[in-house]
$ cat my_file03.pdb   # PDB, C-alpha atoms
MODEL        1
ATOM      1  CA  MET A   1     -33.853  19.300 -69.607
ATOM      2  CA  ASP A   2     -35.494  20.272 -66.323
ATOM      3  CA  ILE A   3     -32.694  21.563 -64.106
ATOM      4  CA  THR A   4     -34.542  20.527 -60.942
ATOM      5  CA  TYR A   5     -34.570  16.907 -62.132
ATOM      6  CA  ILE A   6     -30.783  17.058 -62.346
ATOM      7  CA  GLU A   7     -30.600  18.387 -58.777
ATOM      8  CA  HIS A   8     -33.145  16.059 -57.202
ATOM      9  CA  GLN A   9     -32.608  12.836 -59.137
ATOM     10  CA  THR A  10     -29.442  12.785 -61.224
ATOM     11  CA  ALA A  11     -26.955  14.139 -58.675
ATOM     12  CA  PRO A  12     -27.959  11.766 -55.821
ATOM     13  CA  ARG A  13     -27.933   8.846 -58.277
ATOM     14  CA  LEU A  14     -24.444   9.766 -59.471
ATOM     15  CA  GLU A  15     -23.263  10.183 -55.878
ATOM     16  CA  GLN A  16     -24.405   6.680 -55.083
ATOM     17  CA  ASP A  17     -22.955   5.104 -58.238
ATOM     18  CA  ILE A  18     -19.497   6.628 -57.722
ATOM     19  CA  HIS A  19     -19.506   5.613 -54.070
ATOM     20  CA  ASN A  20     -20.370   2.062 -55.150
ATOM     21  CA  PHE A  21     -17.528   2.171 -57.664
ATOM     22  CA  PHE A  22     -15.091   3.272 -54.952
ATOM     23  CA  THR A  23     -16.264   0.456 -52.677
ATOM     24  CA  GLN A  24     -15.728  -2.153 -55.392
ATOM     25  CA  VAL A  25     -12.287  -0.830 -56.347
ATOM     26  CA  ARG A  26     -11.167  -0.470 -52.744
ATOM     27  CA  PHE A  27     -12.600  -3.600 -51.151
ATOM     28  CA  GLY A  28     -13.444  -5.977 -53.982
ATOM     29  CA  SER A  29     -11.214  -8.931 -54.827
ATOM     30  CA  PRO A  30     -11.007 -11.120 -57.945
ATOM     31  CA  ILE A  31     -12.307 -14.653 -58.060
ATOM     32  CA  PRO A  32      -9.609 -16.988 -59.492
ATOM     33  CA  PRO A  33      -8.596 -17.506 -62.208
ATOM     34  CA  MET A  34      -9.420 -13.816 -62.837
ATOM     35  CA  THR A  35      -6.414 -11.547 -62.253
ATOM     36  CA  HIS A  36      -6.532  -8.294 -60.319
ATOM     37  CA  ASP A  37      -6.243  -6.223 -63.512
ATOM     38  CA  GLU A  38      -9.037  -8.180 -65.154
ATOM     39  CA  HIS A  39     -11.166  -7.705 -62.053
ATOM     40  CA  ILE A  40     -10.681  -3.917 -62.109
ATOM     41  CA  GLN A  41     -11.376  -3.736 -65.835
ATOM     42  CA  LYS A  42     -14.609  -5.651 -65.340
ATOM     43  CA  ILE A  43     -15.683  -3.207 -62.590
ATOM     44  CA  ILE A  44     -14.944  -0.270 -64.905
ATOM     45  CA  GLU A  45     -16.918  -1.785 -67.767
ATOM     46  CA  GLU A  46     -19.899  -2.674 -65.588
ATOM     47  CA  THR A  47     -19.995   0.746 -63.920
ATOM     48  CA  ALA A  48     -19.655   2.449 -67.309
ATOM     49  CA  GLN A  49     -22.784   0.617 -68.438
ATOM     50  CA  VAL A  50     -24.613   1.881 -65.357
ATOM     51  CA  LEU A  51     -23.514   5.449 -66.110
ATOM     52  CA  LEU A  52     -24.520   5.195 -69.764
ATOM     53  CA  GLU A  53     -28.118   4.596 -68.704
ATOM     54  CA  TYR A  54     -28.358   8.265 -67.755
ATOM     55  CA  PHE A  55     -25.435   9.780 -69.675
ATOM     56  CA  ARG A  56     -27.393  12.773 -70.937
ATOM     57  CA  GLU A  57     -28.444  13.723 -67.419
ATOM     58  CA  TRP A  58     -25.017  13.676 -65.769
ATOM     59  CA  ASN A  59     -23.410  15.311 -68.799
ATOM     60  CA  GLU A  60     -25.867  18.194 -68.353
ATOM     61  CA  LEU A  61     -25.153  18.223 -64.614
ATOM     62  CA  MET A  62     -21.431  18.656 -65.255
ATOM     63  CA  PHE A  63     -22.076  21.654 -67.500
ATOM     64  CA  HIS A  64     -24.830  23.472 -65.614
ATOM     65  CA  HIS A  65     -23.275  22.992 -62.168
ATOM     66  CA  ARG A  66     -19.591  23.292 -62.967
ATOM     67  CA  ASP A  67     -19.404  26.313 -60.619
ATOM     68  CA  SER A  68     -21.596  24.887 -57.849
ATOM     69  CA  ASP A  69     -20.553  23.132 -54.657
ATOM     70  CA  CYS A  70     -21.180  19.408 -55.062
ATOM     71  CA  SER A  71     -21.306  16.510 -52.642
ATOM     72  CA  PHE A  72     -18.119  14.532 -52.091
ATOM     73  CA  TRP A  73     -18.457  11.746 -54.673
ATOM     74  CA  VAL A  74     -19.999  13.986 -57.331
ATOM     75  CA  THR A  75     -17.009  16.299 -56.854
ATOM     76  CA  GLN A  76     -14.575  13.422 -57.502
ATOM     77  CA  PHE A  77     -16.495  12.539 -60.653
ATOM     78  CA  ARG A  78     -16.568  16.153 -61.828
ATOM     79  CA  ASN A  79     -12.813  16.525 -61.350
ATOM     80  CA  ALA A  80     -12.201  13.410 -63.422
ATOM     81  CA  TYR A  81     -14.758  14.510 -66.049
ATOM     82  CA  PHE A  82     -13.021  17.807 -66.762
ATOM     83  CA  THR A  83      -9.595  16.160 -66.640
ATOM     84  CA  VAL A  84     -10.647  13.787 -69.417
ATOM     85  CA  LEU A  85     -12.281  16.637 -71.312
ATOM     86  CA  GLN A  86      -8.935  18.418 -71.404
ATOM     87  CA  GLN A  87      -7.522  15.507 -73.389
ATOM     88  CA  ILE A  88      -9.925  16.410 -76.201
ATOM     89  CA  ASP A  89      -9.892  20.208 -76.061
ATOM     90  CA  SER A  90      -8.496  22.372 -73.286
ATOM     91  CA  ARG A  91     -11.209  24.995 -73.933
ATOM     92  CA  GLN A  92     -14.118  22.571 -73.780
ATOM     93  CA  HIS A  93     -16.677  22.754 -70.958
ATOM     94  CA  TYR A  94     -19.238  20.322 -72.350
ATOM     95  CA  PHE A  95     -18.843  16.886 -73.881
ATOM     96  CA  ASN A  96     -20.368  16.293 -77.307
ATOM     97  CA  PRO A  97     -20.008  12.634 -78.371
ATOM     98  CA  THR A  98     -18.316  11.897 -81.686
ATOM     99  CA  ALA A  99     -17.470   8.743 -83.591
ATOM    100  CA  LYS A 100     -14.025   8.774 -81.966
ATOM    101  CA  HIS A 101     -14.967  10.012 -78.502
ATOM    102  CA  THR A 102     -18.238   8.291 -77.653
ATOM    103  CA  ALA A 103     -20.207   8.449 -74.416
ATOM    104  CA  LYS A 104     -18.847   4.996 -73.583
ATOM    105  CA  TRP A 105     -15.293   6.233 -74.208
ATOM    106  CA  LEU A 106     -15.909   9.162 -71.830
ATOM    107  CA  ALA A 107     -17.433   7.037 -69.059
ATOM    108  CA  GLU A 108     -14.636   4.462 -69.138
ATOM    109  CA  HIS A 109     -11.903   7.104 -69.184
ATOM    110  CA  ILE A 110     -13.476   8.947 -66.236
ATOM    111  CA  LEU A 111     -13.677   5.704 -64.267
ATOM    112  CA  SER A 112     -10.081   4.839 -65.141
ATOM    113  CA  LYS A 113      -8.974   8.199 -63.713
ATOM    114  CA  LEU A 114     -11.061   7.611 -60.595
ATOM    115  CA  LYS A 115      -9.654   4.109 -60.181
ATOM    116  CA  LEU A 116      -6.131   5.521 -60.117
ATOM    117  CA  LEU A 117      -7.212   8.176 -57.613
ATOM    118  CA  PHE A 118      -9.110   5.857 -55.286
ATOM    119  CA  VAL A 119      -6.169   3.545 -54.625
ATOM    120  CA  THR A 120      -3.774   6.335 -53.611
ATOM    121  CA  THR A 121      -2.807   6.990 -50.004
ATOM    122  CA  GLY A 122      -3.507  10.664 -50.540
ATOM    123  CA  PHE A 123      -7.142  10.035 -51.427
ATOM    124  CA  HIS A 124      -7.730   7.989 -48.283
ATOM    125  CA  GLU A 125      -6.179  10.803 -46.280
ATOM    126  CA  THR A 126      -8.524  13.266 -48.024
ATOM    127  CA  LEU A 127     -11.472  11.016 -47.216
ATOM    128  CA  ASN A 128     -10.514  10.870 -43.531
ATOM    129  CA  GLN A 129      -9.830  14.592 -43.252
ATOM    130  CA  THR A 130     -13.119  15.468 -44.928
ATOM    131  CA  ASN A 131     -15.074  13.331 -42.491
ATOM    132  CA  GLU A 132     -13.115  14.651 -39.509
ATOM    133  CA  GLN A 133     -13.796  18.272 -40.505
ATOM    134  CA  TYR A 134     -17.480  17.476 -40.900
ATOM    135  CA  GLU A 135     -17.603  15.839 -37.469
ATOM    136  CA  LYS A 136     -15.843  18.831 -35.888
ATOM    137  CA  ARG A 137     -18.345  21.198 -37.491
ATOM    138  CA  VAL A 138     -21.326  19.224 -36.206
ATOM    139  CA  ASN A 139     -19.797  19.096 -32.714
ATOM    140  CA  HIS A 140     -19.063  22.838 -32.848
ATOM    141  CA  LEU A 141     -22.706  23.625 -33.602
ATOM    142  CA  ARG A 142     -23.806  21.242 -30.888
ATOM    143  CA  ASP A 143     -21.509  22.992 -28.395
ATOM    144  CA  LEU A 144     -22.795  26.426 -29.457
ATOM    145  CA  TYR A 145     -26.368  25.395 -28.811
ATOM    146  CA  CYS A 146     -25.482  23.885 -25.428
ATOM    147  CA  GLU A 147     -23.669  27.095 -24.434
ATOM    148  CA  VAL A 148     -26.741  29.128 -25.284
ATOM    149  CA  SER A 149     -28.952  26.747 -23.308
ATOM    150  CA  LYS A 150     -26.841  27.443 -20.220
ATOM    151  CA  LEU A 151     -27.351  31.194 -20.643
ATOM    152  CA  SER A 152     -31.114  30.810 -20.697
ATOM    153  CA  VAL A 153     -32.475  27.772 -18.862
ATOM    154  CA  ASP A 154     -35.447  26.115 -20.570
ATOM    155  CA  ALA A 155     -35.067  28.440 -23.540
ATOM    156  CA  PRO A 156     -38.061  28.020 -25.890
ATOM    157  CA  ASP A 157     -37.318  26.612 -29.365
ATOM    158  CA  LEU A 158     -39.701  27.484 -32.167
ATOM    159  CA  LYS A 159     -39.544  25.450 -35.358
ATOM    160  CA  PHE A 160     -40.804  26.520 -38.757
ATOM    161  CA  TYR A 161     -40.750  25.031 -42.225
ATOM    162  CA  LEU A 162     -40.106  27.443 -45.087
ATOM    163  CA  SER A 163     -41.303  25.955 -48.338
ATOM    164  CA  TYR A 164     -43.381  26.439 -51.469
ATOM    165  CA  PRO A 165     -46.859  25.365 -52.552
ATOM    166  CA  ALA A 166     -47.457  22.317 -54.711
ATOM    167  CA  GLY A 167     -47.105  23.032 -58.408
ATOM    168  CA  THR A 168     -44.111  25.381 -58.120
ATOM    169  CA  GLU A 169     -41.412  22.681 -57.989
ATOM    170  CA  LEU A 170     -40.204  23.085 -61.578
ATOM    171  CA  LEU A 171     -39.729  26.820 -61.080
ATOM    172  CA  LEU A 172     -37.266  26.583 -58.199
ATOM    173  CA  SER A 173     -33.657  25.555 -58.544
ATOM    174  CA  VAL A 174     -31.467  25.223 -55.471
ATOM    175  CA  ASP A 175     -29.741  28.518 -56.348
ATOM    176  CA  GLN A 176     -33.075  30.351 -56.296
ATOM    177  CA  VAL A 177     -34.079  28.790 -52.979
ATOM    178  CA  ILE A 178     -30.754  29.652 -51.365
ATOM    179  CA  GLN A 179     -30.807  33.203 -52.717
ATOM    180  CA  SER A 180     -34.274  33.711 -51.229
ATOM    181  CA  PHE A 181     -33.242  32.257 -47.888
ATOM    182  CA  ARG A 182     -30.168  34.482 -47.680
ATOM    183  CA  GLU A 183     -32.393  37.516 -48.230
ATOM    184  CA  PHE A 184     -34.809  36.177 -45.641
ATOM    185  CA  GLU A 185     -32.035  35.923 -43.040
ATOM    186  CA  LYS A 186     -30.907  39.495 -43.767
ATOM    187  CA  LYS A 187     -34.399  40.924 -43.407
ATOM    188  CA  LEU A 188     -34.961  38.919 -40.234
ATOM    189  CA  THR A 189     -32.114  40.707 -38.446
ATOM    190  CA  PHE A 190     -33.992  44.009 -38.754
ATOM    191  CA  LEU A 191     -36.984  42.799 -36.737
ATOM    192  CA  PRO A 192     -36.865  44.295 -33.209
ATOM    193  CA  TRP A 193     -38.067  41.110 -31.503
ATOM    194  CA  PHE A 194     -35.470  39.046 -33.351
ATOM    195  CA  ARG A 195     -32.609  41.295 -32.233
ATOM    196  CA  SER A 196     -33.793  41.480 -28.618
ATOM    197  CA  GLN A 197     -35.241  38.027 -27.932
ATOM    198  CA  VAL A 198     -33.540  35.426 -30.141
ATOM    199  CA  ILE A 199     -30.296  33.965 -28.799
ATOM    200  CA  PHE A 200     -29.703  31.195 -31.356
ATOM    201  CA  SER A 201     -30.889  30.447 -34.879
ATOM    202  CA  TYR A 202     -30.429  27.277 -36.901
ATOM    203  CA  TYR A 203     -31.475  26.065 -40.343
ATOM    204  CA  HIS A 204     -31.266  22.856 -42.334
ATOM    205  CA  LEU A 205     -31.997  22.666 -46.056
ATOM    206  CA  ILE A 206     -33.774  19.377 -46.762
ATOM    207  CA  ARG A 207     -35.705  17.872 -49.636
ATOM    208  CA  ASP A 208     -39.330  16.907 -49.950
ATOM    209  CA  THR A 209     -38.839  13.685 -51.907
ATOM    210  CA  THR A 210     -42.545  13.295 -52.614
ATOM    211  CA  ARG A 211     -42.575  16.532 -54.643
ATOM    212  CA  ASN A 212     -38.866  17.076 -55.395
ATOM    213  CA  CYS A 213     -39.148  20.396 -53.623
ATOM    214  CA  TYR A 214     -36.776  22.116 -51.199
ATOM    215  CA  VAL A 215     -37.789  22.747 -47.593
ATOM    216  CA  ILE A 216     -35.880  24.705 -44.942
ATOM    217  CA  ARG A 217     -36.241  23.520 -41.355
ATOM    218  CA  PHE A 218     -35.729  26.693 -39.346
ATOM    219  CA  TYR A 219     -35.330  27.043 -35.570
ATOM    220  CA  LEU A 220     -35.295  30.094 -33.330
ATOM    221  CA  THR A 221     -34.200  29.795 -29.693
ATOM    222  CA  PHE A 222     -35.475  32.579 -27.427
ATOM    223  CA  GLN A 223     -34.292  34.172 -24.220
ATOM    224  CA  THR A 224     -36.738  32.655 -21.755
ATOM    225  CA  VAL A 225     -37.649  35.840 -19.883
ATOM    226  CA  PHE A 226     -38.304  37.793 -23.099
ATOM    227  CA  TYR A 227     -40.269  35.151 -24.985
ATOM    228  CA  SER A 228     -44.038  35.637 -25.100
ATOM    229  CA  ASP A 229     -46.707  33.045 -25.830
ATOM    230  CA  ASP A 230     -49.003  35.887 -26.821
ATOM    231  CA  ILE A 231     -46.942  36.831 -29.866
ATOM    232  CA  ASP A 232     -47.428  34.929 -33.122
ATOM    233  CA  TYR A 233     -43.885  35.113 -34.445
ATOM    234  CA  SER A 234     -44.872  33.150 -37.539
ATOM    235  CA  ILE A 235     -46.760  36.155 -38.919
ATOM    236  CA  ASP A 236     -43.552  38.133 -39.399
ATOM    237  CA  LEU A 237     -41.658  35.097 -40.681
ATOM    238  CA  LEU A 238     -44.307  34.356 -43.303
ATOM    239  CA  ARG A 239     -44.371  37.981 -44.410
ATOM    240  CA  LEU A 240     -40.596  38.053 -44.858
ATOM    241  CA  TRP A 241     -40.520  34.682 -46.609
ATOM    242  CA  GLN A 242     -43.221  35.799 -49.038
ATOM    243  CA  ASP A 243     -41.373  39.071 -49.639
ATOM    244  CA  VAL A 244     -38.221  37.271 -50.761
ATOM    245  CA  THR A 245     -40.039  34.587 -52.787
ATOM    246  CA  TYR A 246     -42.283  36.974 -54.757
ATOM    247  CA  GLY A 247     -45.339  35.816 -52.861
ATOM    248  CA  MET A 248     -44.809  32.089 -53.410
ATOM    249  CA  GLY A 249     -43.391  31.159 -50.010
ATOM    250  CA  ILE A 250     -45.412  29.273 -47.424
ATOM    251  CA  LEU A 251     -44.907  28.237 -43.795
ATOM    252  CA  PHE A 252     -46.200  25.032 -42.353
ATOM    253  CA  ASP A 253     -45.865  23.275 -39.047
ATOM    254  CA  ILE A 254     -45.235  19.661 -38.052
ATOM    255  CA  PRO A 255     -46.221  19.094 -34.399
ATOM    256  CA  ASP A 256     -43.349  17.801 -32.258
ATOM    257  CA  GLU A 257     -45.655  15.618 -30.211
ATOM    258  CA  GLU A 258     -46.790  13.581 -33.175
ATOM    259  CA  VAL A 259     -44.827  10.880 -34.892
ATOM    260  CA  GLN A 260     -44.797  11.335 -38.631
ATOM    261  CA  LYS A 261     -46.441   8.523 -40.524
ATOM    262  CA  PRO A 262     -44.517   7.445 -43.613
ATOM    263  CA  GLN A 263     -47.232   8.713 -45.944
ATOM    264  CA  GLY A 264     -47.190  12.101 -44.211
ATOM    265  CA  ASN A 265     -43.460  12.680 -43.951
ATOM    266  CA  PRO A 266     -42.193  14.488 -47.045
ATOM    267  CA  PHE A 267     -38.701  15.125 -45.774
ATOM    268  CA  GLY A 268     -36.380  12.564 -47.220
ATOM    269  CA  TYR A 269     -37.964   9.283 -46.193
ATOM    270  CA  ASN A 270     -39.419   6.610 -48.385
ATOM    271  CA  PRO A 271     -43.207   7.172 -48.309
ATOM    272  CA  ASP A 272     -43.685   3.404 -48.645
ATOM    273  CA  GLY A 273     -41.440   2.621 -45.672
ATOM    274  CA  LEU A 274     -42.604   0.743 -42.616
ATOM    275  CA  LEU A 275     -40.999   2.904 -39.946
ATOM    276  CA  ASN A 276     -42.200   6.097 -38.294
ATOM    277  CA  PHE A 277     -39.844   9.014 -37.774
ATOM    278  CA  PRO A 278     -40.121  11.496 -34.880
ATOM    279  CA  GLU A 279     -39.717  15.161 -35.701
ATOM    280  CA  PRO A 280     -36.587  16.833 -34.248
ATOM    281  CA  LYS A 281     -37.750  19.221 -31.537
ATOM    282  CA  ASN A 282     -34.693  21.460 -31.488
ATOM    283  CA  PRO A 283     -31.349  22.009 -33.253
ATOM    284  CA  LEU A 284     -29.695  19.404 -31.040
ATOM    285  CA  ASP A 285     -32.139  16.757 -32.246
ATOM    286  CA  ASP A 286     -31.607  17.785 -35.839
ATOM    287  CA  LEU A 287     -27.821  17.594 -35.517
ATOM    288  CA  SER A 288     -28.148  14.140 -33.980
ATOM    289  CA  ASP A 289     -30.133  12.988 -37.020
ATOM    290  CA  LEU A 290     -27.413  13.983 -39.491
ATOM    291  CA  PRO A 291     -25.347  11.241 -41.182
ATOM    292  CA  ASP A 292     -22.270  10.176 -39.221
ATOM    293  CA  THR A 293     -19.928  11.122 -42.066
ATOM    294  CA  LEU A 294     -20.045  13.673 -44.862
ATOM    295  CA  THR A 295     -19.090  11.042 -47.422
ATOM    296  CA  SER A 296     -21.843   8.588 -46.493
ATOM    297  CA  VAL A 297     -24.474   7.786 -49.105
ATOM    298  CA  ASN A 298     -28.127   7.245 -48.349
ATOM    299  CA  GLU A 299     -29.653   4.454 -50.383
ATOM    300  CA  GLN A 300     -32.949   6.323 -50.565
ATOM    301  CA  MET A 301     -31.136   9.023 -52.556
ATOM    302  CA  ASN A 302     -32.493  11.885 -50.458
ATOM    303  CA  LYS A 303     -29.125  13.584 -50.120
ATOM    304  CA  ILE A 304     -28.790  17.140 -51.400
ATOM    305  CA  CYS A 305     -25.789  16.950 -53.718
ATOM    306  CA  ILE A 306     -25.845  20.374 -55.395
ATOM    307  CA  THR A 307     -25.696  23.736 -53.608
ATOM    308  CA  THR A 308     -24.738  27.325 -54.345
ATOM    309  CA  ARG A 309     -21.013  27.823 -53.829
ATOM    310  CA  GLY A 310     -20.225  28.667 -50.214
ATOM    311  CA  PHE A 311     -23.649  27.755 -48.823
ATOM    312  CA  LYS A 312     -23.805  25.343 -45.892
ATOM    313  CA  ILE A 313     -26.704  22.890 -46.007
ATOM    314  CA  PHE A 314     -27.100  23.273 -42.229
ATOM    315  CA  ASN A 315     -25.774  25.945 -39.903
ATOM    316  CA  GLY A 316     -26.396  27.749 -36.623
ATOM    317  CA  LYS A 317     -25.455  31.079 -35.049
ATOM    318  CA  LYS A 318     -25.377  32.573 -31.582
ATOM    319  CA  ARG A 319     -27.111  35.942 -31.501
TER     320      ARG A 319
ENDMDL
END
$ encode --input "my_file03.pdb" --output "structure tokens"
Amino acid sequence: MDITYIEHQTAPRLEQDIHNFFTQVRFGSPIPPMTHDEHIQKIIEETAQVLLEYFREWNELMFHHRDSDCSFWVTQFRNAYFTVLQQIDSRQHYFNPTAKHTAKWLAEHILSKLKLLFVTTGFHETLNQTNEQYEKRVNHLRDLYCEVSKLSVDAPDLKFYLSYPAGTELLLSVDQVIQSFREFEKKLTFLPWFRSQVIFSYYHLIRDTTRNCYVIRFYLTFQTVFYSDDIDYSIDLLRLWQDVTYGMGILFDIPDEEVQKPQGNPFGYNPDGLLNFPEPKNPLDDLSDLPDTLTSVNEQMNKICITTRGFKIFNGKKR
């Protein structure tokens, strides 16, 4: 199975389905004469049927990304998955259906474990703490950028998009993209103009949902007095990006002044939507566009749910 399909389609779908399951367990109520236990059992059975529609995909996801960082609801599912797997064989890392332990058996047992978890006080505390930590991190980055802005009034912000040409999507897993970007950041620090002129850098890994391809929105904030309009900084950035992507990397630009039409915006919005979306001009704009909570689920399934362990989907640094 194509690993990129699991990253771009299966993981966001699973994230949404488990969030929906939590919402039903937490806030749903039975319609008399149905009892509470009957109501919960019905939710489990109905959600299990939803999961069985793409059992093969999420079973592969659990195996191939067992060491990756996953989004919040996928992580809850993965924890329950391996807990149930231990009931069959403590050494098992992949579920193979049998006459006794069918895919339906697995799905219902995972959901039963999650049901028990979701109604505990501890889980709600975890949910709150996770969202609070996320909010603090976003505010910290916002404060860092504002501090830098005070040190250099009207500091220029340059924005670049690091991506790949059409036709290379199936070759690039999230691990490969992140590995290339980490190398790119290392090489960037050796450029003289970067060390002397850049006072803040910021990136955000996003997804081109029209091609199922990763894109990195990358900002550089310059010391005003050292910045030069005569220098094409993109030349060095493209060279470095191509170096770390074996010649496949490309740079492209989306003008800040223009509003992206739905058919032209590849970055996580429904191409058939009716609304237009302005491009974020600087890191502050980008941070303002982030979801309010880490555990929120976007119905358009554009959320990145699988990353290399330890990698932050967005981050910024003072230089």
$ resolve_selection --input "my_file03.pdb" --expression "the PyMOL selection byres ((chain A and resi 227-242) around 8)" --output "list in words"
Pro156, Phe160, Leu162, Ser180, Phe181, Phe184, Lys187, Leu188, Gln197, Phe222, Gln223, Thr224, Val225, Phe226, Asp243, Val244, Thr245, Tyr246, Gly247, Met248, Gly249, Ile250 and Leu251 of chain A
$ residues_around --input "my_file03.pdb" --residues "Thr83 (chain A)" --least-positions-apart "5" --cutoff "9 Å" --atoms "all atoms listed in the file" --output "PDB file with C-alpha atoms, in the coordinates of the input"
ATOM      1  CA  ARG A  78     -16.568  16.153 -61.828  1.00  0.00           C
ATOM      2  CA  ILE A 110     -13.476   8.947 -66.236  1.00  0.00           C
ATOM      3  CA  LYS A 113      -8.974   8.199 -63.713  1.00  0.00           C
TER       4      LYS A 113
END
$ axis_aligned_box --input "my_file03.pdb" --around "region 41-50 of chain A" --padding-each-side "8 Å" --output "AutoDock Vina command-line options"
--center_x -18.0 --center_y -1.6 --center_z -65.5 --size_x 29.2 --size_y 24.1 --size_z 21.8
$ closest_residue --input "my_file03.pdb" --among "A:Asp143, A:Glu169, A:Asp69, A:Glu185" --to "Thr209 (chain A)" --atoms "all atoms listed in the file"
A:Glu169
$ residues_around --input "my_file03.pdb" --residues "Glu135 (chain A)" --least-positions-apart "4" --cutoff "10 Å" --atoms "only C-alpha atoms" --output "ChimeraX atom specification"
/A:129-131,139-140,291-294
$ write_last_selection --input "my_file03.pdb" --atoms "C-alpha atoms" --output "PDB file, in the frame of the given file"
ATOM      1  CA  GLN A 129      -9.830  14.592 -43.252  1.00  0.00           C
ATOM      2  CA  THR A 130     -13.119  15.468 -44.928  1.00  0.00           C
ATOM      3  CA  ASN A 131     -15.074  13.331 -42.491  1.00  0.00           C
ATOM      4  CA  ASN A 139     -19.797  19.096 -32.714  1.00  0.00           C
ATOM      5  CA  HIS A 140     -19.063  22.838 -32.848  1.00  0.00           C
ATOM      6  CA  PRO A 291     -25.347  11.241 -41.182  1.00  0.00           C
ATOM      7  CA  ASP A 292     -22.270  10.176 -39.221  1.00  0.00           C
ATOM      8  CA  THR A 293     -19.928  11.122 -42.066  1.00  0.00           C
ATOM      9  CA  LEU A 294     -20.045  13.673 -44.862  1.00  0.00           C
TER      10      LEU A 294
END
$ resolve_selection --input "my_file03.pdb" --expression "the PyMOL selection byres ((chain A and resi 159) around 6)" --output "JSON, numbers by chain"
{"A": [158, 160, 218, 219]}
$ resolve_selection --input "my_file03.pdb" --expression "the PyMOL selection byres ((chain A and resi 303-312) around 8)" --output "VMD selection string"
chain A and resid 7 to 8 11 to 12 15 65 67 to 71 74 174 to 175 178 206 to 207 268 297 to 298 301 to 302 313 to 315
$ residues_around --input "my_file03.pdb" --residues "Leu171 (chain A)" --least-positions-apart "6" --cutoff "12 Å" --atoms "only C-alpha atoms" --output "list in words"
Asp2, Ile3, Thr4, Tyr5, Tyr164, Pro165, Val177, Asn212, Cys213, Tyr214, Thr245 and Met248 of chain A
$ atom_distance --input "my_file03.pdb" --atom1 "CA of Glu108 (chain A)" --atom2 "CA of Ala48 (chain A)"
5.7 Å
$ closest_residue --input "my_file03.pdb" --among "A:Leu141, A:Ala166, A:Val215, A:Leu116" --to "Phe200 (chain A)" --atoms "only C-alpha atoms"
A:Leu141
$ closest_residue --input "my_file03.pdb" --among "A:Trp193, A:Phe72, A:Tyr145, A:Phe55" --to "Phe123 (chain A)" --atoms "only C-alpha atoms"
A:Phe72
$ closest_residue --input "my_file03.pdb" --among "A:His101, A:Arg91, A:Arg182, A:His124" --to "Phe22 (chain A)" --atoms "only C-alpha atoms"
A:His124
$ atom_distance --input "my_file03.pdb" --atom1 "CA of His19 (chain A)" --atom2 "CA of Arg142 (chain A)"
28.3 Å
